[in-house]
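Asker: Got a structure for you, work_14.pdb, holding PDB, C-alpha atoms.
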ATOM      1  CA  MET A  29      24.974 -11.830   3.760
ATOM      2  CA  LYS A  30      28.590 -12.792   4.288
ATOM      3  CA  ILE A  31      31.390 -11.217   2.314
ATOM      4  CA  ASP A  32      34.893 -12.681   2.268
ATOM      5  CA  SER A  33      37.523 -10.871   0.254
ATOM      6  CA  THR A  34      41.244 -10.344   0.113
ATOM      7  CA  VAL A  35      42.596  -6.917  -0.720
ATOM      8  CA  GLY A  36      46.326  -6.929  -1.133
ATOM      9  CA  LYS A  37      47.533  -8.904   1.903
ATOM     10  CA  VAL A  38      44.517  -8.067   4.070
ATOM     11  CA  ASP A  39      41.704 -10.581   4.541
ATOM     12  CA  ILE A  40      38.350  -8.883   4.973
ATOM     13  CA  LYS A  41      35.358 -10.698   6.452
ATOM     14  CA  LEU A  42      32.143  -8.773   6.663
ATOM     15  CA  SER A  43      28.635  -9.748   7.697
ATOM     16  CA  THR A  44      25.709  -7.543   6.719
ATOM     17  CA  ASP A  45      23.221  -9.547   8.823
ATOM     18  CA  ARG A  46      22.539  -6.682  11.241
ATOM     19  CA  ILE A  47      22.044  -4.208   8.402
ATOM     20  CA  ASP A  48      19.823  -6.666   6.514
ATOM     21  CA  GLU A  49      17.670  -7.173   9.611
ATOM     22  CA  ASN A  50      17.407  -3.403  10.189
ATOM     23  CA  ILE A  51      16.237  -2.890   6.599
ATOM     24  CA  LYS A  52      13.714  -5.708   6.927
ATOM     25  CA  GLU A  53      12.298  -4.223  10.139
ATOM     26  CA  ALA A  54      12.299  -0.741   8.584
ATOM     27  CA  GLN A  55      10.170  -2.020   5.700
ATOM     28  CA  LYS A  56       7.735  -3.679   8.106
ATOM     29  CA  SER A  57       7.424  -0.499  10.189
ATOM     30  CA  LEU A  58       6.995   1.586   7.061
ATOM     31  CA  ASN A  59       4.257  -0.719   5.724
ATOM     32  CA  MET A  60       2.340  -0.565   8.980
ATOM     33  CA  ARG A  61       2.700   3.234   9.198
ATOM     34  CA  ILE A  62       1.509   3.704   5.602
ATOM     35  CA  VAL A  63      -1.575   1.565   6.192
ATOM     36  CA  GLY A  64      -2.375   3.492   9.360
ATOM     37  CA  ASP A  65      -1.902   6.857   7.654
ATOM     38  CA  CYS A  66      -4.018   5.802   4.640
ATOM     39  CA  GLU A  67      -6.980   4.711   6.748
ATOM     40  CA  GLN A  68      -8.408   8.197   7.266
ATOM     41  CA  TYR A  69      -8.479   8.723   3.480
ATOM     42  CA  THR A  70      -9.781   5.261   2.521
ATOM     43  CA  PRO A  71     -13.509   5.209   1.736
ATOM     44  CA  ILE A  72     -15.693   3.289   4.144
ATOM     45  CA  GLN A  73     -19.206   1.987   3.891
ATOM     46  CA  GLN A  74     -19.201  -1.259   5.859
ATOM     47  CA  GLY A  75     -15.462  -1.609   6.470
ATOM     48  CA  ALA A  76     -14.586  -4.398   4.022
ATOM     49  CA  LEU A  77     -12.304  -2.179   1.929
ATOM     50  CA  ARG A  78     -10.282  -0.954   4.909
ATOM     51  CA  GLY A  79     -10.111  -4.512   6.207
ATOM     52  CA  SER A  80      -8.856  -5.865   2.884
ATOM     53  CA  VAL A  81      -5.288  -4.549   3.241
ATOM     54  CA  HIS A  82      -2.680  -7.194   2.521
ATOM     55  CA  TYR A  83       0.992  -7.490   1.652
ATOM     56  CA  PRO A  84       1.486  -9.507  -1.578
ATOM     57  CA  GLU A  85       5.187 -10.022  -0.819
ATOM     58  CA  GLY A  86       4.634 -10.521   2.918
ATOM     59  CA  ILE A  87       4.844  -7.939   5.701
ATOM     60  CA  TYR A  88       8.570  -7.422   5.003
ATOM     61  CA  GLY A  89       7.980  -6.790   1.280
ATOM     62  CA  GLY A  90       7.611  -3.390  -0.267
ATOM     63  CA  GLU A  91       4.085  -3.724  -1.629
ATOM     64  CA  ILE A  92       0.748  -2.924   0.013
ATOM     65  CA  ALA A  93      -2.576  -3.719  -1.645
ATOM     66  CA  TRP A  94      -6.232  -3.176  -0.915
ATOM     67  CA  GLY A  95      -8.845  -5.621  -2.147
ATOM     68  CA  ASP A  96      -9.593  -9.299  -1.626
ATOM     69  CA  HIS A  97     -12.577 -11.632  -1.956
ATOM     70  CA  ASN A  98     -14.522  -9.355   0.436
ATOM     71  CA  ALA A  99     -13.572  -6.192  -1.450
ATOM     72  CA  PRO A 100     -12.974  -7.102  -5.119
ATOM     73  CA  TYR A 101     -14.006  -3.567  -6.073
ATOM     74  CA  ALA A 102     -10.955  -1.905  -4.461
ATOM     75  CA  HIS A 103      -9.297  -0.949  -7.764
ATOM     76  CA  TYR A 104     -12.573   0.505  -9.008
ATOM     77  CA  ILE A 105     -13.036   2.591  -5.854
ATOM     78  CA  TYR A 106      -9.370   3.667  -5.957
ATOM     79  CA  SER A 107      -9.665   4.937  -9.553
ATOM     80  CA  GLY A 108     -12.445   7.331  -8.568
ATOM     81  CA  PHE A 109     -14.643   6.795 -11.607
ATOM     82  CA  LEU A 110     -17.924   4.992 -12.053
ATOM     83  CA  ARG A 111     -17.958   1.657 -13.859
ATOM     84  CA  THR A 112     -21.058   0.236 -15.471
ATOM     85  CA  ASP A 113     -21.963  -3.233 -16.713
ATOM     86  CA  GLU A 114     -22.874  -3.925 -20.334
ATOM     87  CA  THR A 115     -26.453  -2.703 -19.721
ATOM     88  CA  GLY A 116     -25.339   0.632 -18.252
ATOM     89  CA  ARG A 117     -26.151  -0.228 -14.628
ATOM     90  CA  VAL A 118     -23.622   0.471 -11.892
ATOM     91  CA  PHE A 119     -20.999  -2.264 -11.914
ATOM     92  CA  VAL A 120     -20.530  -4.092  -8.629
ATOM     93  CA  GLY A 121     -19.253  -7.464  -9.793
ATOM     94  CA  LYS A 122     -15.927  -9.167  -9.351
ATOM     95  CA  ASN A 123     -14.920  -9.393 -13.024
ATOM     96  CA  GLU A 124     -13.806  -5.873 -13.847
ATOM     97  CA  LYS A 125     -13.139  -6.916 -17.463
ATOM     98  CA  LYS A 126     -16.905  -7.065 -17.970
ATOM     99  CA  SER A 127     -17.314  -3.440 -16.943
ATOM    100  CA  VAL A 128     -17.023  -0.133 -18.748
ATOM    101  CA  LEU A 129     -15.103   2.762 -17.207
ATOM    102  CA  THR A 130     -17.012   6.032 -17.450
ATOM    103  CA  ASP A 131     -15.862   9.602 -16.934
ATOM    104  CA  THR A 132     -18.357  10.061 -14.089
ATOM    105  CA  PRO A 133     -16.545  10.679 -10.779
ATOM    106  CA  LEU A 134     -17.568   8.541  -7.821
ATOM    107  CA  LYS A 135     -19.121  10.249  -4.815
ATOM    108  CA  TYR A 136     -17.563   9.419  -1.467
ATOM    109  CA  HIS A 137     -19.823   9.916   1.508
ATOM    110  CA  HIS A 138     -17.433  10.252   4.430
ATOM    111  CA  PRO A 139     -15.542  13.554   4.722
ATOM    112  CA  GLY A 140     -11.855  13.312   3.882
ATOM    113  CA  THR A 141     -12.137   9.970   2.049
ATOM    114  CA  GLY A 142     -11.855   9.484  -1.687
ATOM    115  CA  SER A 143      -9.962   7.979  -4.567
ATOM    116  CA  MET A 144      -6.195   7.585  -4.670
ATOM    117  CA  TRP A 145      -5.959   7.391  -0.888
ATOM    118  CA  PHE A 146      -2.315   6.289  -0.948
ATOM    119  CA  GLU A 147      -1.281   9.381  -2.924
ATOM    120  CA  THR A 148      -3.322  11.594  -0.591
ATOM    121  CA  ALA A 149      -1.638  10.086   2.462
ATOM    122  CA  LYS A 150       1.769  10.335   0.789
ATOM    123  CA  LYS A 151       1.291  14.087   0.251
ATOM    124  CA  SER A 152       0.492  14.523   3.937
ATOM    125  CA  HIS A 153       2.858  11.987   5.480
ATOM    126  CA  GLY A 154       5.569  11.218   2.897
ATOM    127  CA  LYS A 155       8.355  13.027   4.724
ATOM    128  CA  ASP A 156       7.445  11.218   7.951
ATOM    129  CA  TRP A 157       7.597   7.888   6.064
ATOM    130  CA  ILE A 158      11.084   8.671   4.787
ATOM    131  CA  ASP A 159      12.250   9.727   8.244
ATOM    132  CA  LEU A 160      10.826   6.531   9.779
ATOM    133  CA  ALA A 161      12.560   4.306   7.220
ATOM    134  CA  LYS A 162      15.893   6.100   7.671
ATOM    135  CA  ARG A 163      15.654   5.918  11.456
ATOM    136  CA  LYS A 164      14.736   2.220  11.515
ATOM    137  CA  ALA A 165      17.234   1.153   8.827
ATOM    138  CA  GLY A 166      20.110   3.060  10.397
ATOM    139  CA  LYS A 167      19.585   1.984  13.980
ATOM    140  CA  GLY A 168      22.504   0.417  15.730
TER     141      GLY A 168
END
Before we go any further, please render this structure as structure tokens.
Answerer:
Amino acid sequence: MKIDSTVGKVDIKLSTDRIDENIKEAQKSLNMRIVGDCEQYTPIQQGALRGSVHYPEGIYGGEIAWGDHNAPYAHYIYSGFLRTDETGRVFVGKNEKKSVLTDTPLKYHHPGTGSMWFETAKKSHGKDWIDLAKRKAGKG
């Protein structure tokens, strides 16, 4: 961004390009660190869920999501509660609107994995994430 301004009799020209680039790179580094830190808490059966990580706004955006055509159940697994279809059988389909949320907790089979893996990772690594973002954004 370029800023041109006159204050009194002083012309001020300022470019925030370096700062903008630092912030962009800080967001990318933060995204990658979060994904890496979440992996140990993300449930795994065959690996599709862990492999479904994507960035809806691009790698420089501030959003990370799990779930794609190979793992349409990501939201269901993240919530931590069993969903059933209209007949009461375990729901495994792609159209979550056709399912019923129950109050039965899901069982995760790998130690340390479970629902709400982002929040779990944030509790363990949140301060490190903040430090990383500050360090990367403020670099000269």
Asker: What residues have an atom no more than 10 Å from (-24.7, -4.5, -21.3) in the file's own frame, counting all atoms listed in the file, and can you write them as an mmCIF file with C-alpha atoms, in the frame of the given file?
Answerer:
data_model
loop_
_atom_site.group_PDB
_atom_site.id
_atom_site.type_symbol
_atom_site.label_atom_id
_atom_site.label_comp_id
_atom_site.auth_asym_id
_atom_site.auth_seq_id
_atom_site.Cartn_x
_atom_site.Cartn_y
_atom_site.Cartn_z
ATOM 1 C CA THR A 112 -21.058 0.236 -15.471
ATOM 2 C CA ASP A 113 -21.963 -3.233 -16.713
ATOM 3 C CA GLU A 114 -22.874 -3.925 -20.334
ATOM 4 C CA THR A 115 -26.453 -2.703 -19.721
ATOM 5 C CA GLY A 116 -25.339 0.632 -18.252
ATOM 6 C CA ARG A 117 -26.151 -0.228 -14.628
ATOM 7 C CA LYS A 126 -16.905 -7.065 -17.970
ATOM 8 C CA SER A 127 -17.314 -3.440 -16.943
ATOM 9 C CA VAL A 128 -17.023 -0.133 -18.748
#
Asker: Which of these, A:Ile47, A:Val38, A:Met29, A:Ala93, has the shortest distance to Val63 of chain A once you count only C-alpha atoms?
Answerer: A:Ala93
Asker: Could you jot down the atom CA of Ile87 of chain A to atom CA of Ile72 of chain A separation for me, Å, one decimal place?
Answerer: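 Distance reported for this atom pair: 23.5 Å.
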Asker: Taking all atoms listed in the file into account, which of A:Pro84, A:Gly166, A:Pro71, A:Gly89 comes nearest Met144 of chain A?
Answerer: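 Smallest separation from Met144 of chain A among the options: A:Pro71.
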Asker: So what do you get for atom CA of Cys66 of chain A versus atom CA of Ala149 of chain A, distance-wise?
Answerer: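 Distance reported for this atom pair: 5.4 Å.
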Asker: For atom CA of Ile105 of chain A and atom CA of Ile92 of chain A, quote the distance in Å rounded to one decimal.
Answerer: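 Taking atom CA of Ile105 of chain A as the start and atom CA of Ile92 of chain A as the end point, the length is 16.0 Å.
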Asker: What residues come out when you apply the PyMOL selection byres ((chain A and resi 148) around 12) to this file, written as number ranges by chain?
Answerer: A: 62, 65-70, 106, 140-147, 149-154
Asker: Counting all atoms listed in the file, find the residues whose atoms lie at most 9 Å from (-18.6, 0.2, -4.1) (file coordinates) and write them out as a list in words.
Answerer: Gln73, Ala99, Tyr101, Ala102, Tyr104, Ile105, Phe119 and Val120 of chain A
Asker: Please produce an output containing C-alpha atoms for each residue in the selection, written as a CSV table (one decimal), in the frame of the given file.
Answerer:
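Resulting contents of out_18.csv:
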chain,number,residue,atom,x,y,z
A,73,GLN,CA,-19.2,2.0,3.9
A,99,ALA,CA,-13.6,-6.2,-1.4
A,101,TYR,CA,-14.0,-3.6,-6.1
A,102,ALA,CA,-11.0,-1.9,-4.5
A,104,TYR,CA,-12.6,0.5,-9.0
A,105,ILE,CA,-13.0,2.6,-5.9
A,119,PHE,CA,-21.0,-2.3,-11.9
A,120,VAL,CA,-20.5,-4.1,-8.6
Asker: With a distance cut-off of 12 Å and all atoms listed in the file, select the neighbouring residues of segment 51-53 of chain A, excluding the residue or stretch itself and same-chain residues fewer than 6 positions from it, and output the selection as an NGL selection string.
Answerer: :A and (44-45 or 59-60 or 86-90 or 160-168)
Asker: I need the residue nearest Gly108 of chain A from this list: A:Gly79, A:Pro133, A:Gly95, A:Gly64. Use all atoms listed in the file for the distance.
Answerer: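 Comparing A:Gly79, A:Pro133, A:Gly95, A:Gly64 against Gly108 of chain A, the winner is A:Pro133.
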Asker: When the PyMOL selection byres ((chain A and resi 132) around 8) is applied to the file above, which residues end up in the set, as a VMD selection string?
Answerer: chain A and resid 109 to 110 130 to 131 133 to 134
